[in-house]
Each structure stands twice: as C-alpha cells, then as structure tokens.
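First comes the structure, then the notes that go with it.
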Amino acid sequence: MKILVVDDEPFALRLITHQLGRLGFPDVIAHDRATEALALLEHDALAADVVLLDLQMPEMDGVEFVRHLGMLRFPGSLILISAEDERIIETARKLARAHNLDVRGALHKPVKPDQLQALLGDMPHPATRPARPIPRHYAPARLLEAIKQGELFNVYQPQVELATGQVAGVETLVRWQHPEDGLVGPEHFIPLAEEHHLIDDLTRSMLGHALLQARAWTEAGLRLHVGVNISMDNLGALDFPDFVARALVTAGVPPEQLVLEVTESRLMTNALSALDILTRLRLKHIGLSIDDFGTGHSSLAQLRDIPFDELKLDKGFVHGAHHDHLEPGDPRGEPRHGTAAGDAVGGGGSRGPGGLGPAATDALRPRAGVLHLPPDGRRRDSWLDRAVGAASHRAGRGAVT
C-alpha cells in the first residue's frame, strides 16, 4: 500500500513516516509542500493509495488540496489530520465527501499509532479496491455526433411515496453509450454541452424520449410524473416554453405529467430571465422543481418568488441530521416552507431510512429512490412491472390510478 503524507511540519512528517513503518507500511512518500504532492498526483493519480493530509498548511491549505483531489477524481482514500477543533475537521470531512472522495476518517494531532492502525487496517488491498473511472475528455463535435446518432439514452430513477411505498414518478437521467469507452456518465459531457452551446440539442433529445416513455407507461396502466433536468442555459431562450408545449402535444402527454427540474444553485444566478420563462411554463401547467436545494445560495425570500411546485433537498441537507450533533439547526424549517409554497418536497439521493430523522421524514412526502431502469423501462421483474400490476389491481377495485 502506497501512502502519501502531506504536512508542512518536518517533525510531523518524520513522526508519521516512522509510525507507518513500524505498523508495516514502509512505502511512504512524504511532502512538506502541498503543491509538490498535488503535482505528483496530477502526473499519476495512482502514485498513492492513501493520502494523509494536514488541513492547516501555508501556500495551499488542506481544503484547497481536497478540492483538487476531487477535480482529479482521486481513486484512493483520504485521511485528514489536524490540530484544529472538531467542527472544522468535521466540516472538512463533509466537504471531502461532497467531492466524492473516499474519506476514511480524521485524526487529531499528535497522531497516535493505534489510531493510524485502526483506519489503515480496515482498508481493502489496492488490488481488490474498485477502480474509479478515469476522467474522459471529448471534442464538442464528437458529442454533437453522439446526440444525432442516438448514442445518448435515458434511465429513470423512481420517486416513492413514503406513506404508501408506491411509485409516484420518475426522474430522467441521461447516459452516453460510447462505442469505445462504454457507459459514460453525465459529468463527462453535460458541462461540455453547456460550454459549447449543445445543451439545447441534448435537452430536446432527452425530453422527447422521456415523453414517449411517459406515454408508454400510461398506456401500460401507470400514470407517472416524469421529471426532466434542464440547464440554466435552456432558460435563456424565450421560446423554450413553446418548444416544451409542442413536444408534449407531439408525444400525447398532458402537461401536468411533466416536471422540469432546475438546479437551485444555477437558478439563482439569473433570476430575472428565469422567472419570465418559468412563469410561462407554469401557465402551461408544466410542473417545476428546484433540484439539489441546499447546495446553492438562495434564500427563502428568493424561493418565494419562484413558481415551483416541488422542492428537492440535496442529500447533504438532511443526511445524518438525526444523529449528528454538529448539524447546524433543525431540518424542519425550510422543508416546511417548501411544502407551503409548493406541492411536494423530496430528498434527492437518500438511500435509506438512516439518512432521515423524524423531523425530515415528517416534512418529506415523495422521496427519490435509487433504482435505475434501462432506457426502455421494460426489464422483466423490474419495479415497473410490479407497479403496473399493482395499478391494474387497484383499477379493478375501482381505485383511481
């Protein structure tokens, strides 16, 4: 196991290196400058399996280093080291996890050998650890070709009613089936589409397929609300509401069945033009959702002015709130405001009951699930098959579906 130690104090470096050697980890690289350690990982992301990182450093502090690790999609593990107070360390740990880093824990200085052993002893051998995808870079022309050739497709994430356990709707997620690279996630092409003005082409394709799938589900006996993510760039075109209305007519889907989801952090950056277009969409009875609430900078006063009818909390807003004594404040406040302003509040990305305390559970009605469907939504023994069967059964008893 290769371990990279980053600390600006020479004595701390020597001490930790010595401790690691006595614990049976002789393959240690020590750097007293964060910039040099980062350059090493930029050259070879596999140069270290574990990074032990001090938070308080000159030139580049630990938070900056964590940000760069996230940008590099560092595939190894991270252990934070600091003499700062617990709140700062806990915040840094949450920030690192938000960057999708594998944070094994945090240690107070001076580091004790038994603490190191406890964190490193539970780690899988590097050979058995699942590899993270290597960042991919594509030319704009290649992405446009993929859109036109139908290489991009939708998968659907169910939203489940907490009270009944029934599927109430789905969120549409886009993927790229690349002929050479295999399945490519949206983080590799959505920013590219936005930067090179391809997002309209992508959104039109994604929306069209989602509406056709919604009609197919309706014909199968299951009427679902279908959420489609849109970019802030889509809201720069004043004819966007008219385009969406035409797409609904073409697919034969009522506007009330569609929910357009806008990320809250982007929405607040250009509120005036967004309000114009969003209001027109609501006038056409198209649902609006603020996605990933809690990750941006909006206030409740700003939210009051947006004609949304769904507010989706980012998982970091409520995850662990029922047991984390460092969590600032009661999660009841803002979700209940959202419930009053709109029709539904959802917790995006939550994967189990342990992530929600009683306060948040009271406030949330639909909650996002975690099961993805293939693009045609027709896999045998899928949640859709079961949901259609349940809908047919209810219809036979005279229930409204």
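Naming scheme: A, B, ... for chains in displayed order of the structure tokens; residues 1 onward per chain; ligands 1 onward as shown.
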Set the distance at 10 Å and use only C-alpha atoms: which residues neighbour A:Ala214 once local chain neighbours fewer than 2 positions away are removed? I'd like the list as a ChimeraX atom specification.
/A:169-170,208-212,216-220,222-226,251-254,257-258,377
Mind checking DSSP for stretch 76-119 of chain A and telling me the helix (DSSP H, G or I) residues as a CSV table (one decimal) with N, CA and C atoms, in the first residue's frame?
chain,number,residue,atom,x,y,z
A,86,GLU,N,-13.0,20.3,16.5
A,86,GLU,CA,-13.8,19.3,15.9
A,86,GLU,C,-14.7,19.8,14.8
A,87,ARG,N,-15.3,21.0,15.0
A,87,ARG,CA,-16.2,21.5,14.0
A,87,ARG,C,-15.5,21.7,12.7
A,88,ILE,N,-14.3,22.2,12.7
A,88,ILE,CA,-13.6,22.5,11.4
A,88,ILE,C,-13.2,21.2,10.8
A,89,ILE,N,-12.8,20.2,11.6
A,89,ILE,CA,-12.4,18.9,11.0
A,89,ILE,C,-13.6,18.2,10.4
A,90,GLU,N,-14.7,18.2,11.1
A,90,GLU,CA,-16.0,17.6,10.6
A,90,GLU,C,-16.5,18.3,9.3
A,91,THR,N,-16.4,19.6,9.3
A,91,THR,CA,-16.8,20.3,8.1
A,91,THR,C,-15.9,19.9,6.9
A,92,ALA,N,-14.6,19.8,7.1
A,92,ALA,CA,-13.7,19.5,6.1
A,92,ALA,C,-13.9,18.0,5.6
A,93,ARG,N,-14.3,17.1,6.5
A,93,ARG,CA,-14.6,15.8,6.2
A,93,ARG,C,-15.8,15.7,5.3
A,94,LYS,N,-16.9,16.5,5.6
A,94,LYS,CA,-18.1,16.5,4.8
A,94,LYS,C,-17.8,17.1,3.4
A,95,LEU,N,-17.0,18.1,3.4
A,95,LEU,CA,-16.6,18.7,2.1
A,95,LEU,C,-15.9,17.7,1.2
A,96,ALA,N,-15.0,17.0,1.8
A,96,ALA,CA,-14.3,16.0,1.0
A,96,ALA,C,-15.2,14.9,0.5
A,97,ARG,N,-16.2,14.5,1.3
A,97,ARG,CA,-17.1,13.5,0.8
A,97,ARG,C,-18.0,14.1,-0.3
A,98,ALA,N,-18.3,15.4,-0.2
A,98,ALA,CA,-19.1,16.0,-1.2
A,98,ALA,C,-18.4,16.0,-2.5
A,113,PRO,N,-0.2,5.9,17.0
A,113,PRO,CA,-0.1,4.7,16.2
A,113,PRO,C,-1.4,3.9,16.2
A,114,ASP,N,-2.0,3.7,17.3
A,114,ASP,CA,-3.2,2.8,17.3
A,114,ASP,C,-4.4,3.4,16.5
A,115,GLN,N,-4.4,4.8,16.4
A,115,GLN,CA,-5.4,5.4,15.6
A,115,GLN,C,-5.1,5.2,14.1
A,116,LEU,N,-3.9,5.3,13.7
A,116,LEU,CA,-3.5,5.0,12.3
A,116,LEU,C,-3.8,3.6,12.0
A,117,GLN,N,-3.5,2.6,12.9
A,117,GLN,CA,-3.7,1.2,12.6
A,117,GLN,C,-5.2,1.0,12.4
A,118,ALA,N,-6.0,1.6,13.2
A,118,ALA,CA,-7.5,1.4,13.2
A,118,ALA,C,-8.0,1.8,11.8
A,119,LEU,N,-7.5,3.0,11.3
A,119,LEU,CA,-8.0,3.4,10.0
A,119,LEU,C,-7.4,2.7,8.8
DSSP-assigned strand (DSSP E or B) among stretch 96-252 of chain A, expressed as a CSV table (one decimal) with C-alpha atoms, in the first residue's frame:
chain,number,residue,atom,x,y,z
A,102,ASP,CA,-13.2,8.1,0.0
A,103,VAL,CA,-12.7,9.7,3.4
A,104,ARG,CA,-11.6,7.0,5.9
A,105,GLY,CA,-11.5,9.3,8.9
A,106,ALA,CA,-9.9,12.3,10.6
A,107,LEU,CA,-7.1,12.3,13.3
A,108,HIS,CA,-6.2,14.9,15.8
A,152,LEU,CA,-27.4,9.2,-25.6
A,153,PHE,CA,-30.2,7.5,-23.8
A,154,ASN,CA,-32.3,7.9,-20.7
A,155,VAL,CA,-32.5,5.9,-17.4
A,156,TYR,CA,-35.2,6.5,-14.9
A,157,GLN,CA,-34.9,6.9,-11.1
A,158,PRO,CA,-38.2,6.2,-9.2
A,159,GLN,CA,-39.7,8.5,-6.7
A,160,VAL,CA,-41.5,6.6,-4.0
A,161,GLU,CA,-44.3,7.8,-1.7
A,167,VAL,CA,-44.0,4.7,-7.2
A,168,ALA,CA,-45.3,8.3,-7.8
A,169,GLY,CA,-43.0,9.4,-10.5
A,170,VAL,CA,-39.5,9.2,-12.0
A,171,GLU,CA,-36.5,11.4,-12.6
A,172,THR,CA,-35.0,11.2,-16.1
A,173,LEU,CA,-31.2,10.7,-16.1
A,174,VAL,CA,-29.1,10.8,-19.3
A,175,ARG,CA,-26.2,8.5,-20.1
A,176,TRP,CA,-23.9,8.1,-23.1
A,177,GLN,CA,-23.3,4.6,-24.6
A,178,HIS,CA,-20.0,5.3,-26.2
A,182,GLY,CA,-18.7,2.1,-22.8
A,183,LEU,CA,-21.1,3.8,-20.4
A,184,VAL,CA,-20.2,7.5,-19.9
A,225,HIS,CA,-45.0,12.2,-13.2
A,226,VAL,CA,-41.8,12.4,-15.3
A,227,GLY,CA,-39.0,14.7,-14.2
A,228,VAL,CA,-36.5,16.0,-16.7
A,229,ASN,CA,-33.5,18.0,-15.8
Using only C-alpha atoms: which of A:Leu38, A:Ile277, A:Ala12, A:Ile199 has the shortest distance to A:Ala83
A:Ala12
Using only C-alpha atoms for the distances, tell me which of A:Ile286, A:Ala45, A:Leu4, A:Ala193 is nearest to A:Arg73.
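That would be A:Ala45, the residue with the smallest distance to A:Arg73.
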Here is a test: counting only C-alpha atoms, which residue of A:Glu59, A:Glu151, A:Asp309, A:Asp233 is nearest to A:Ala274?
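Among A:Glu59, A:Glu151, A:Asp309, A:Asp233, it is A:Asp233 that comes nearest to A:Ala274.
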Find the residues around A:Asp49 up to 7 Å (only C-alpha atoms counted), leave out those fewer than 4 positions away in its own chain, and share them as an MDAnalysis selection string.
chainID A and resid 1:3 76:77 126
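Using only C-alpha atoms for every distance, the candidate list A:Asp8, A:Glu195, A:Asp181, A:Asp201 yields A:Asp201 as the residue closest to A:Ile147.
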One decimal place gives the atom CA of A:Ile190-atom CA of A:Asp242 separation as 23.3 Å
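Of the residues under consideration (A:Leu248, A:Met206, A:Asp85, A:Val262), A:Val262 shows the shortest atom-to-atom contact distance to A:Met232 when counting only C-alpha atoms.
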Which residue gives the smallest distance to A:Lys148 among A:Leu192, A:Ala30, A:Leu198, A:Leu281, with only C-alpha atoms counted?
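Checking each of A:Leu192, A:Ala30, A:Leu198, A:Leu281 against A:Lys148, counting only C-alpha atoms, the winner is A:Leu198.
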Mind pulling up the distance from atom CA of A:Pro241 to atom CA of A:Leu278?
8.0 Å
